[in-house]
$ cat my_file.txt   # compact mmCIF, C-alpha atoms and all ligand atoms
# COMPACT_ATOMS: atom_id res chain seq x y z
CA MET A 12 22.43 11.55 5.53
CA PRO A 13 21.13 11.63 9.08
CA ALA A 14 19.26 14.78 10.08
CA PRO A 15 20.81 17.01 12.74
CA GLY A 16 20.03 15.52 16.09
CA GLY A 17 19.81 11.96 14.80
CA ASP A 18 17.71 9.67 12.67
CA PRO A 19 14.20 11.23 12.33
CA ILE A 20 12.44 7.87 12.44
CA ALA A 21 14.22 6.96 15.69
CA LEU A 22 13.30 10.39 17.10
CA LEU A 23 9.71 9.89 15.99
CA ALA A 24 9.59 6.47 17.63
CA ALA A 25 10.98 7.96 20.85
CA ALA A 26 8.30 10.69 20.80
CA ALA A 27 5.56 8.14 20.13
CA ASP A 28 6.88 5.95 22.95
CA ALA A 29 6.79 8.91 25.34
CA LEU A 30 3.22 9.73 24.29
CA ALA A 31 2.16 6.11 24.60
CA ARG A 32 3.51 5.99 28.16
CA LEU A 33 1.38 8.98 29.16
CA ASP A 34 -1.88 7.78 30.67
CA PRO A 35 -4.48 10.53 30.03
CA SER A 36 -6.52 9.36 33.02
CA ASP A 37 -3.69 10.66 35.25
CA LEU A 38 -3.84 14.15 33.73
CA PRO A 39 -6.00 17.20 34.46
CA ASP A 40 -8.57 18.29 31.84
CA ALA A 41 -6.50 21.18 30.50
CA ALA A 42 -3.49 18.93 29.91
CA VAL A 43 -5.63 16.32 28.08
CA ALA A 44 -7.11 19.07 25.89
CA ASP A 45 -3.68 20.52 25.04
CA LEU A 46 -2.21 17.10 24.37
CA ALA A 47 -5.08 16.01 22.12
CA VAL A 48 -4.81 19.14 19.95
CA ALA A 49 -1.01 19.09 19.89
CA THR A 50 -0.92 15.39 18.99
CA ARG A 51 -3.40 15.98 16.16
CA ARG A 52 -1.23 18.82 14.85
CA GLY A 53 1.80 16.54 14.98
CA ILE A 54 -0.06 13.88 13.01
CA ASP A 55 -1.05 16.51 10.43
CA ARG A 56 2.58 17.55 9.97
CA LEU A 57 3.58 13.92 9.55
CA GLU A 58 0.84 13.46 6.97
CA GLY A 59 2.34 16.34 5.01
CA CYS A 60 5.73 14.62 5.17
CA PHE A 61 4.18 11.29 4.24
CA ALA A 62 2.43 12.78 1.17
CA ARG A 63 5.77 14.05 -0.13
CA LEU A 64 7.44 10.68 0.44
CA ALA A 65 4.55 8.79 -1.18
CA ARG A 66 4.68 11.08 -4.22
CA ASN A 67 8.45 10.60 -4.44
CA ALA A 68 8.10 6.82 -4.29
CA HIS A 69 5.49 7.11 -7.07
CA VAL A 70 7.71 9.21 -9.32
CA ARG A 71 10.54 6.70 -8.88
CA GLY A 72 8.27 3.73 -9.65
CA ILE A 73 9.26 2.04 -6.40
CA GLY A 74 6.04 0.02 -6.20
CA SER A 75 6.35 -1.43 -9.69
CA GLU A 76 9.84 -2.73 -8.93
CA SER A 77 8.33 -5.09 -6.38
CA GLY A 78 5.62 -6.18 -8.81
CA ALA A 79 2.74 -4.13 -7.39
CA SER A 80 0.15 -2.90 -9.91
CA SER A 81 0.45 0.69 -8.66
CA THR A 82 2.22 2.77 -6.04
CA ALA A 83 -1.05 2.94 -4.11
CA ALA A 84 -1.34 -0.87 -4.16
CA TRP A 85 2.25 -1.18 -3.00
CA LEU A 86 1.70 1.29 -0.14
CA ALA A 87 -1.59 -0.31 0.79
CA ARG A 88 0.14 -3.65 1.15
CA GLN A 89 3.38 -2.53 2.77
CA ALA A 90 1.89 0.01 5.19
CA GLY A 91 -1.48 -1.65 5.72
CA MET A 92 -3.32 1.39 4.34
CA ARG A 93 -6.66 1.53 2.58
CA SER A 94 -5.77 1.95 -1.07
CA GLY A 95 -8.01 5.02 -1.37
CA ASP A 96 -6.04 6.70 1.44
CA ALA A 97 -2.76 5.77 -0.26
CA ARG A 98 -3.98 7.22 -3.56
CA ALA A 99 -5.10 10.43 -1.85
CA ALA A 100 -1.68 10.83 -0.20
CA ILE A 101 0.12 10.40 -3.53
CA GLU A 102 -2.18 12.97 -5.17
CA ALA A 103 -1.67 15.37 -2.28
CA GLY A 104 2.10 14.96 -2.67
CA GLU A 105 1.80 15.71 -6.37
CA LEU A 106 -0.09 18.92 -5.73
CA THR A 107 2.31 20.10 -3.05
CA ASP A 108 5.04 19.75 -5.70
CA LEU A 109 3.06 22.40 -7.59
CA LEU A 110 1.92 24.47 -4.59
CA THR A 111 5.22 24.48 -2.78
CA HIS A 112 4.21 27.03 -0.12
CA THR A 113 1.17 24.95 0.80
CA GLY A 114 3.36 21.84 1.09
CA ALA A 115 5.87 23.64 3.28
CA ALA A 116 3.15 25.12 5.51
CA TRP A 117 1.53 21.69 5.88
CA ARG A 118 4.81 20.01 6.86
CA ALA A 119 5.67 22.89 9.22
CA GLY A 120 2.35 22.59 11.05
CA ALA A 121 1.13 26.04 9.98
CA ILE A 122 -1.94 24.54 8.28
CA SER A 123 -3.88 21.39 9.06
CA THR A 124 -4.32 18.33 6.88
CA GLY A 125 -7.96 19.33 6.44
CA ALA A 126 -6.91 22.75 5.12
CA ALA A 127 -4.26 21.23 2.84
CA ARG A 128 -6.87 18.84 1.43
CA ALA A 129 -9.32 21.72 0.86
CA ILE A 130 -6.68 23.56 -1.19
CA ILE A 131 -5.81 20.37 -3.06
CA GLY A 132 -9.53 19.86 -3.76
CA ALA A 133 -9.64 23.16 -5.64
CA ARG A 134 -7.61 21.66 -8.48
CA VAL A 135 -9.21 21.60 -11.92
CA GLU A 136 -7.37 19.68 -14.60
CA GLY A 137 -5.62 22.01 -17.06
CA HIS A 138 -5.77 25.01 -14.69
CA ASP A 139 -2.75 24.43 -12.47
CA ASP A 140 -1.27 27.81 -13.44
CA LYS A 141 -4.33 29.67 -12.21
CA LEU A 142 -4.38 27.61 -9.02
CA ALA A 143 -0.73 28.42 -8.36
CA ALA A 144 -1.59 32.11 -8.86
CA CYS A 145 -4.36 31.85 -6.27
CA GLU A 146 -2.22 29.91 -3.79
CA PRO A 147 -1.36 32.90 -1.55
CA GLU A 148 -5.03 33.77 -1.06
CA LEU A 149 -6.02 30.17 -0.28
CA LEU A 150 -3.05 29.68 2.01
CA GLU A 151 -3.92 32.83 3.93
CA LEU A 152 -7.39 31.43 4.65
CA ALA A 153 -5.88 28.06 5.57
CA ARG A 154 -3.67 29.70 8.19
CA THR A 155 -6.73 31.19 9.93
CA ARG A 156 -8.06 27.64 10.47
CA ASP A 157 -11.45 28.77 9.15
CA LEU A 158 -12.11 25.68 7.07
CA ASN A 159 -15.59 26.74 5.96
CA ARG A 160 -14.35 29.95 4.34
CA LEU A 161 -11.45 28.05 2.81
CA ARG A 162 -13.80 25.43 1.30
CA ARG A 163 -16.02 28.15 -0.14
CA ALA A 164 -13.00 29.88 -1.67
CA ALA A 165 -11.79 26.57 -3.13
CA ALA A 166 -15.26 25.95 -4.61
CA ARG A 167 -15.29 29.46 -6.09
CA PHE A 168 -11.92 28.78 -7.67
CA ARG A 169 -13.20 25.56 -9.23
CA LYS A 170 -16.25 27.30 -10.72
CA TYR A 171 -14.09 30.13 -12.02
CA ALA A 172 -11.60 27.73 -13.61
CA GLU A 173 -14.36 25.69 -15.21
CA SER A 174 -16.33 28.68 -16.44
CA ASP A 175 -14.12 29.44 -19.46
CA GLY A 176 -15.27 26.18 -21.03
CA ALA A 177 -11.71 25.04 -21.63
CA ALA A 178 -11.69 22.77 -18.63
CA PRO A 179 -12.78 19.24 -19.31
CA ARG A 180 -15.96 18.38 -17.44
CA VAL A 181 -15.15 16.58 -14.24
CA PRO A 182 -16.37 13.04 -14.83
CA ASP A 183 -18.93 11.62 -12.41
CA GLY A 184 -17.47 9.12 -9.99
CA LEU A 185 -18.76 6.39 -7.72
CA HIS A 186 -16.50 4.71 -5.19
CA LEU A 187 -17.21 1.52 -3.31
CA SER A 188 -14.91 0.85 -0.41
CA THR A 189 -14.82 -1.24 2.71
CA SER A 190 -14.59 0.50 6.06
CA TRP A 191 -12.49 -0.73 8.96
CA ALA A 192 -15.67 -2.10 10.50
CA GLY A 193 -16.28 -4.22 7.41
CA ARG A 194 -19.20 -2.10 6.15
CA THR A 195 -19.41 -1.00 2.54
CA VAL A 196 -19.11 2.73 2.03
CA LEU A 197 -20.48 4.20 -1.15
CA SER A 198 -19.50 7.68 -2.14
CA GLY A 199 -20.57 9.35 -5.32
CA ASP A 200 -19.80 12.62 -7.04
CA PHE A 201 -22.33 13.66 -9.67
CA ALA A 202 -22.90 16.77 -11.74
CA ASP A 203 -26.19 18.52 -12.51
CA LEU A 204 -28.48 16.19 -14.44
CA ALA A 205 -26.94 12.95 -13.19
CA ALA A 206 -27.32 14.22 -9.63
CA GLU A 207 -30.91 15.28 -10.32
CA THR A 208 -31.73 11.80 -11.68
CA VAL A 209 -30.18 9.96 -8.73
CA VAL A 210 -31.76 12.24 -6.14
CA THR A 211 -35.18 12.05 -7.85
CA ALA A 212 -35.04 8.23 -7.83
CA ILE A 213 -34.01 8.12 -4.17
CA HIS A 214 -36.85 10.47 -3.21
CA ALA A 215 -39.31 8.43 -5.27
CA TYR A 216 -38.35 5.23 -3.42
CA THR A 217 -38.02 6.71 0.07
CA GLU A 218 -40.82 5.41 2.23
CA ALA A 219 -42.76 8.11 4.05
CA PRO A 220 -42.50 8.05 7.84
CA ASP A 221 -45.34 6.49 9.75
CA ARG A 222 -46.09 5.70 13.37
CA THR A 223 -44.76 2.12 13.24
CA ASP A 224 -41.48 3.04 11.57
CA PRO A 225 -38.99 5.19 13.48
CA ARG A 226 -36.14 5.13 10.93
CA PRO A 227 -34.24 8.43 10.49
CA GLY A 228 -34.07 10.00 7.02
CA SER A 229 -30.59 8.70 6.24
CA GLN A 230 -31.70 5.14 6.89
CA ARG A 231 -34.85 5.60 4.76
CA ARG A 232 -32.71 6.84 1.87
CA ALA A 233 -30.28 3.93 2.28
CA ASP A 234 -33.20 1.50 2.21
CA ALA A 235 -34.58 3.33 -0.84
CA LEU A 236 -31.30 2.83 -2.69
CA VAL A 237 -31.36 -0.89 -1.86
CA ARG A 238 -34.94 -1.07 -3.17
CA ILE A 239 -33.94 0.72 -6.40
CA CYS A 240 -31.17 -1.84 -6.86
CA GLU A 241 -33.56 -4.74 -6.18
CA VAL A 242 -36.01 -3.42 -8.76
CA ALA A 243 -33.19 -2.85 -11.26
CA LEU A 244 -31.87 -6.39 -10.73
CA GLU A 245 -35.33 -7.83 -11.32
CA HIS A 246 -35.48 -6.03 -14.66
CA ILE A 247 -32.02 -6.85 -15.92
CA PRO A 248 -32.02 -7.96 -19.60
CA ALA A 249 -32.41 -11.73 -20.03
CA GLY A 250 -28.93 -12.34 -21.49
CA ARG A 251 -27.25 -10.86 -18.43
CA ARG A 252 -29.60 -12.22 -15.81
CA ASN A 253 -27.23 -14.61 -14.09
CA ARG A 254 -24.86 -11.73 -13.45
CA GLY A 255 -27.62 -9.69 -11.86
CA GLN A 256 -28.50 -12.09 -9.11
CA VAL A 257 -27.66 -11.35 -5.50
CA SER A 258 -26.12 -14.56 -4.23
CA VAL A 259 -25.09 -15.80 -0.85
CA VAL A 260 -23.20 -18.87 0.27
CA VAL A 261 -24.31 -20.20 3.61
CA ASP A 262 -23.72 -23.51 5.35
CA TRP A 263 -26.67 -25.52 6.52
CA ALA A 264 -25.73 -25.69 10.22
CA THR A 265 -25.33 -21.89 10.29
CA LEU A 266 -28.62 -21.39 8.49
CA THR A 267 -30.54 -23.64 10.87
CA GLY A 268 -28.95 -22.06 13.92
CA GLY A 269 -26.72 -24.97 14.94
CA SER A 270 -23.36 -23.28 14.77
CA PRO A 271 -21.60 -20.13 13.67
CA GLY A 272 -20.17 -20.59 10.21
CA ARG A 273 -20.10 -19.29 6.73
CA ALA A 274 -22.76 -16.83 5.50
CA ASP A 275 -21.14 -14.78 2.78
CA GLY A 276 -22.31 -12.47 0.04
CA GLN A 277 -20.65 -12.93 -3.32
CA TYR A 278 -19.00 -9.51 -3.35
CA THR A 279 -19.00 -8.24 0.20
CA GLY A 280 -18.14 -11.15 2.50
CA PRO A 281 -19.88 -12.03 5.78
CA ILE A 282 -23.56 -11.12 6.06
CA HIS A 283 -25.54 -10.99 9.29
CA LEU A 284 -27.56 -14.17 9.70
CA ASP A 285 -30.85 -12.30 10.25
CA ASP A 286 -30.33 -10.68 6.85
CA VAL A 287 -29.49 -14.03 5.26
CA HIS A 288 -32.79 -15.45 6.55
CA ARG A 289 -34.65 -12.46 5.16
CA LEU A 290 -32.85 -12.66 1.80
CA LEU A 291 -33.64 -16.36 1.53
CA CYS A 292 -37.26 -15.68 2.42
CA ASP A 293 -38.21 -14.07 -0.88
CA THR A 294 -37.42 -14.53 -4.53
CA THR A 295 -34.78 -12.03 -5.49
CA VAL A 296 -31.77 -13.92 -4.16
CA SER A 297 -30.00 -17.00 -5.41
CA ARG A 298 -28.31 -19.04 -2.77
CA ILE A 299 -25.81 -21.77 -2.35
CA VAL A 300 -26.27 -23.79 0.81
CA THR A 301 -23.38 -26.04 1.77
CA ASP A 302 -23.00 -29.00 4.11
CA PRO A 303 -20.53 -28.80 7.04
CA ALA A 304 -17.66 -29.79 4.72
CA GLY A 305 -18.48 -26.88 2.42
CA ILE A 306 -19.99 -29.02 -0.34
CA PRO A 307 -23.02 -27.35 -1.97
CA ILE A 308 -26.25 -29.22 -1.18
CA ASP A 309 -28.76 -26.74 -2.58
CA VAL A 310 -27.84 -24.45 -5.42
CA GLY A 311 -29.86 -21.71 -7.05
CA ARG A 312 -33.46 -20.71 -6.63
CA ALA A 313 -35.43 -23.35 -4.76
CA LYS A 314 -39.01 -24.33 -5.42
CA ARG A 315 -39.65 -22.91 -1.98
CA THR A 316 -39.50 -19.37 -3.35
CA PRO A 317 -43.00 -18.28 -4.36
CA PRO A 318 -43.69 -18.53 -8.12
CA ALA A 319 -45.25 -15.46 -9.74
CA ARG A 320 -48.77 -16.94 -9.65
CA LEU A 321 -48.57 -17.59 -5.90
CA ARG A 322 -47.16 -14.13 -5.26
CA ARG A 323 -50.06 -12.61 -7.21
CA ALA A 324 -52.51 -14.55 -5.05
CA VAL A 325 -50.80 -13.33 -1.87
CA VAL A 326 -50.83 -9.74 -3.20
CA ALA A 327 -54.54 -10.00 -4.07
CA ARG A 328 -55.29 -11.23 -0.56
CA ASP A 329 -53.06 -8.88 1.47
CA GLN A 330 -53.07 -5.79 -0.81
CA GLY A 331 -50.03 -4.35 0.94
CA CYS A 332 -47.92 -4.64 4.07
CA ARG A 333 -49.87 -6.55 6.72
CA PHE A 334 -47.90 -5.14 9.66
CA PRO A 335 -50.49 -3.40 11.85
CA GLY A 336 -50.74 0.27 10.94
CA CYS A 337 -48.51 0.08 7.86
CA GLY A 338 -50.26 -0.90 4.62
CA ARG A 339 -47.49 0.13 2.23
CA PRO A 340 -48.48 -0.97 -1.29
CA PRO A 341 -47.44 -4.35 -2.78
CA GLY A 342 -44.61 -2.81 -4.85
CA TRP A 343 -42.73 -2.18 -1.61
CA CYS A 344 -43.40 -5.64 -0.22
CA ASP A 345 -41.78 -9.07 0.09
CA ALA A 346 -43.59 -12.36 0.66
CA HIS A 347 -42.44 -13.44 4.13
CA HIS A 348 -42.45 -17.15 5.09
CA VAL A 349 -44.18 -17.15 8.49
CA ARG A 350 -42.48 -20.46 9.21
CA HIS A 351 -39.08 -20.29 7.50
CA TRP A 352 -38.47 -22.94 4.86
CA THR A 353 -35.34 -24.11 6.74
CA ARG A 354 -37.73 -25.16 9.52
CA GLY A 355 -40.06 -26.96 7.15
CA GLY A 356 -42.36 -24.03 6.38
CA PRO A 357 -44.19 -24.64 3.08
CA THR A 358 -44.32 -22.12 0.26
CA ASP A 359 -48.08 -21.75 0.08
CA SER A 360 -50.39 -18.86 0.67
CA ARG A 361 -51.18 -19.88 4.26
CA ASN A 362 -47.50 -19.58 5.17
CA LEU A 363 -46.77 -16.41 3.19
CA VAL A 364 -47.66 -12.91 4.25
CA LEU A 365 -46.93 -9.64 2.46
CA VAL A 366 -44.77 -7.18 4.42
CA CYS A 367 -42.86 -4.09 3.32
CA GLY A 368 -39.04 -4.09 3.27
CA TYR A 369 -38.80 -2.32 6.62
CA HIS A 370 -41.20 -4.61 8.43
CA HIS A 371 -39.67 -7.66 6.74
CA ARG A 372 -36.28 -6.77 8.22
CA LEU A 373 -37.95 -6.17 11.57
CA LEU A 374 -39.66 -9.58 11.59
CA HIS A 375 -36.34 -11.33 10.99
CA ARG A 376 -34.78 -9.72 14.05
CA PRO A 377 -34.48 -11.82 17.20
CA GLY A 378 -37.51 -11.88 19.46
CA TRP A 379 -40.20 -11.16 16.85
CA THR A 380 -42.81 -13.86 16.31
CA VAL A 381 -45.57 -14.16 13.76
CA ALA A 382 -48.64 -16.40 13.91
CA PHE A 383 -50.76 -16.70 10.77
CA ASP A 384 -53.49 -19.06 9.63
CA GLY A 385 -53.95 -17.66 6.14
CA GLU A 386 -56.26 -14.89 7.39
CA GLU A 387 -55.65 -13.70 10.93
CA LEU A 388 -52.18 -12.34 11.60
CA HIS A 389 -50.72 -11.95 15.10
CA ILE A 390 -47.34 -10.30 15.57
CA ARG A 391 -45.53 -10.17 18.89
CA GLY A 392 -42.50 -8.00 19.65
CA PRO A 393 -39.45 -8.94 21.74
CA ASP A 394 -41.32 -7.88 24.92
CA GLY A 395 -43.96 -10.54 24.20
CA GLY A 396 -46.75 -8.03 23.64
CA GLU A 397 -48.93 -8.26 20.55
CA VAL A 398 -48.58 -5.42 18.06
CA THR A 399 -51.96 -3.95 17.26
ZN ZN B 401 -39.14 -13.23 5.71
ZN ZN B 402 -44.78 -2.33 6.57

$ encode --input "my_file.txt" --output "structure tokens"
Amino acid sequence: MPAPGGDPIALLAAAADALARLDPSDLPDAAVADLAVATRRGIDRLEGCFARLARNAHVRGIGSESGASSTAAWLARQAGMRSGDARAAIEAGELTDLLTHTGAAWRAGAISTGAARAIIGARVEGHDDKLAACEPELLELARTRDLNRLRRAAARFRKYAESDGAAPRVPDGLHLSTSWAGRTVLSGDFADLAAETVVTAIHAYTEAPDRTDPRPGSQRRADALVRICEVALEHIPAGRRNRGQVSVVVDWATLTGGSPGRADGQYTGPIHLDDVHRLLCDTTVSRIVTDPAGIPIDVGRAKRTPPARLRRAVVARDQGCRFPGCGRPPGWCDAHHVRHWTRGGPTDSRNLVLVCGYHHRLLHRPGWTVAFDGEELHIRGPDGGEVT
């Protein structure tokens, strides 16, 4: 039955058209500010409506009728959503079935999507009755738009609900998703001891700042996690080893700089060519290099990757990162081919130099050059000056 005043989707389209026609550059500051906030509030209301519709579609099994594996998968495909966002909307719809005042306030624009999500986040399995009893208090905070106080109240509710011991422990979770920009986003949720273990390992592998390395803390921790994974992959039990090998597929012309083409990781898709060169420089990666027609010409670990004996010799000689001023110990280091093997560089100690993960990445960036005769090392940056 059409809503009073006409079909809501047609009305919505008309409103969106009117907004799209408005060019903010023609408007004074105050009007842009008002419009931005009002538009965001409109989107929040629509998200409340969408959550209810998504939940309803889920209850009716609409996705499975068209063969999708789940309602979230169906929505993701039909509406072009990320499946995590679709799942979150369905869950939000489910909870607003329980917390009806919160759902109504969300759809009416009295509370924001952020506030609705904070209330939804207070849920502890098996304690929906208690949550419903606390709804007025949480909703009151949500109406004030003080999200920090609301989040603290939601956290207090969770602790209170869990404290009677009846609540099942919330299982730890780790989500891997792909962002719109094609990057991989990792988000984890760990309790107590698991969190302590993960954080201890990340601290243990985080390289200390030094004068040649300007990375911010977040980047150091990200690099530490990658290092932990590299070490773990090197120590994977023998029977599972072929599953624990980072592998890339790259075509020869792309690798040698002739043309843009395929350079893909097994799980994550396209990889930046500088990173591919660095990955192929040392031993921890298996590779498949293909000819222009995509036929593999070089599969697996090549002889060009340093055998353990050669690596030991390089470690004994260099004793740590050779980048001037660094000196991080060998455990942090890769053996870098001064002349890359794709350009005929041999895998012998006069062409290999030990550098830490950070400086290895740096040396594979455009503009950096390395000259090495087996003893003396000269590194020049993109400005042509020698690093000393
Ligand atoms: Zn290298
Ligand atoms: Zn270094």

$ residues_around --input "my_file.txt" --residues "range 227-232 of chain A" --least-positions-apart "2" --cutoff "6 Å" --atoms "only C-alpha atoms" --output "list in words"
Thr217, Asp234 and Ala235 of chain A

$ write_last_selection --input "my_file.txt" --atoms "C-alpha atoms" --output "compact mmCIF listing (two decimals), in the coordinates of the input"
# COMPACT_ATOMS: atom_id res chain seq x y z
CA THR A 217 -38.02 6.71 0.07
CA ASP A 234 -33.20 1.50 2.21
CA ALA A 235 -34.58 3.33 -0.84

$ residues_around --input "my_file.txt" --residues "Gly336 in chain A" --least-positions-apart "2" --cutoff "10 Å" --atoms "all atoms listed in the file" --output "list in words"
Asp221, Arg222, Thr223, Asp224, Cys332, Arg333, Phe334, Gly338, Arg339, Val398 and Thr399 of chain A

$ residues_near_ligand --input "my_file.txt" --ligand "ligand ZN 402 (chain B)" --cutoff "12 Å" --atoms "all atoms listed in the file" --output "PyMOL selection string"
chain A and resi 218-225+329-347+364-374

$ atom_distance --input "my_file.txt" --atom1 "CA of Glu151 in chain A" --atom2 "CA of Ala127 in chain A"
11.7 Å

$ residues_around --input "my_file.txt" --residues "Gly114 in chain A" --least-positions-apart "3" --cutoff "8 Å" --atoms "only C-alpha atoms" --output "list in words"
Gly59, Gly104, Thr107, Asp108, Leu110, Thr111, Trp117, Arg118 and Ala127 of chain A

$ decode --input "my_file.txt" --residues "range 129-152 of chain A" --atoms "N, CA and C atoms" --output "mmCIF file, in the first residue's frame"
data_model
loop_
_atom_site.group_PDB
_atom_site.id
_atom_site.type_symbol
_atom_site.label_atom_id
_atom_site.label_comp_id
_atom_site.auth_asym_id
_atom_site.auth_seq_id
_atom_site.Cartn_x
_atom_site.Cartn_y
_atom_site.Cartn_z
ATOM 1 N N ALA A 129 25.989 1.588 19.276
ATOM 2 C CA ALA A 129 26.560 1.462 20.627
ATOM 3 C C ALA A 129 25.595 0.685 21.529
ATOM 4 N N ILE A 130 24.309 0.960 21.404
ATOM 5 C CA ILE A 130 23.317 0.228 22.208
ATOM 6 C C ILE A 130 23.293 -1.245 21.793
ATOM 7 N N ILE A 131 23.318 -1.453 20.472
ATOM 8 C CA ILE A 131 23.301 -2.827 19.956
ATOM 9 C C ILE A 131 24.529 -3.585 20.449
ATOM 10 N N GLY A 132 25.671 -2.866 20.543
ATOM 11 C CA GLY A 132 26.923 -3.493 20.971
ATOM 12 C C GLY A 132 26.917 -3.919 22.431
ATOM 13 N N ALA A 133 25.920 -3.456 23.186
ATOM 14 C CA ALA A 133 25.849 -3.842 24.605
ATOM 15 C C ALA A 133 25.319 -5.257 24.776
ATOM 16 N N ARG A 134 24.805 -5.836 23.710
ATOM 17 C CA ARG A 134 24.128 -7.139 23.826
ATOM 18 C C ARG A 134 25.094 -8.239 24.287
ATOM 19 N N VAL A 135 24.640 -9.024 25.230
ATOM 20 C CA VAL A 135 25.361 -10.212 25.677
ATOM 21 C C VAL A 135 24.401 -11.380 25.533
ATOM 22 N N GLU A 136 24.855 -12.413 24.827
ATOM 23 C CA GLU A 136 23.960 -13.530 24.539
ATOM 24 C C GLU A 136 23.340 -14.077 25.828
ATOM 25 N N GLY A 137 22.054 -14.319 25.805
ATOM 26 C CA GLY A 137 21.373 -14.890 26.981
ATOM 27 C C GLY A 137 20.898 -13.840 27.967
ATOM 28 N N HIS A 138 21.169 -12.552 27.681
ATOM 29 C CA HIS A 138 20.807 -11.495 28.638
ATOM 30 C C HIS A 138 19.951 -10.420 27.995
ATOM 31 N N ASP A 139 19.153 -10.834 26.988
ATOM 32 C CA ASP A 139 18.318 -9.854 26.291
ATOM 33 C C ASP A 139 17.278 -9.212 27.209
ATOM 34 N N ASP A 140 16.803 -9.982 28.198
ATOM 35 C CA ASP A 140 15.796 -9.413 29.119
ATOM 36 C C ASP A 140 16.375 -8.235 29.892
ATOM 37 N N LYS A 141 17.595 -8.456 30.410
ATOM 38 C CA LYS A 141 18.238 -7.380 31.179
ATOM 39 C C LYS A 141 18.502 -6.169 30.299
ATOM 40 N N LEU A 142 18.912 -6.445 29.038
ATOM 41 C CA LEU A 142 19.200 -5.333 28.135
ATOM 42 C C LEU A 142 17.919 -4.537 27.866
ATOM 43 N N ALA A 143 16.821 -5.259 27.656
ATOM 44 C CA ALA A 143 15.545 -4.571 27.411
ATOM 45 C C ALA A 143 15.172 -3.717 28.626
ATOM 46 N N ALA A 144 15.491 -4.229 29.840
ATOM 47 C CA ALA A 144 15.184 -3.464 31.051
ATOM 48 C C ALA A 144 16.026 -2.194 31.139
ATOM 49 N N CYS A 145 17.233 -2.250 30.597
ATOM 50 C CA CYS A 145 18.122 -1.075 30.652
ATOM 51 C C CYS A 145 17.911 -0.134 29.467
ATOM 52 N N GLU A 146 17.055 -0.522 28.531
ATOM 53 C CA GLU A 146 16.914 0.272 27.307
ATOM 54 C C GLU A 146 16.619 1.750 27.570
ATOM 55 N N PRO A 147 15.683 2.069 28.503
ATOM 56 C CA PRO A 147 15.376 3.503 28.685
ATOM 57 C C PRO A 147 16.612 4.324 29.058
ATOM 58 N N GLU A 148 17.436 3.756 29.949
ATOM 59 C CA GLU A 148 18.632 4.481 30.397
ATOM 60 C C GLU A 148 19.612 4.710 29.234
ATOM 61 N N LEU A 149 19.825 3.641 28.437
ATOM 62 C CA LEU A 149 20.749 3.758 27.301
ATOM 63 C C LEU A 149 20.204 4.725 26.249
ATOM 64 N N LEU A 150 18.909 4.649 26.026
ATOM 65 C CA LEU A 150 18.288 5.499 25.014
ATOM 66 C C LEU A 150 18.355 6.968 25.416
ATOM 67 N N GLU A 151 18.225 7.222 26.713
ATOM 68 C CA GLU A 151 18.314 8.587 27.213
ATOM 69 C C GLU A 151 19.689 9.185 26.897
ATOM 70 N N LEU A 152 20.733 8.381 27.141
ATOM 71 C CA LEU A 152 22.095 8.831 26.815
ATOM 72 C C LEU A 152 22.252 9.021 25.313
#
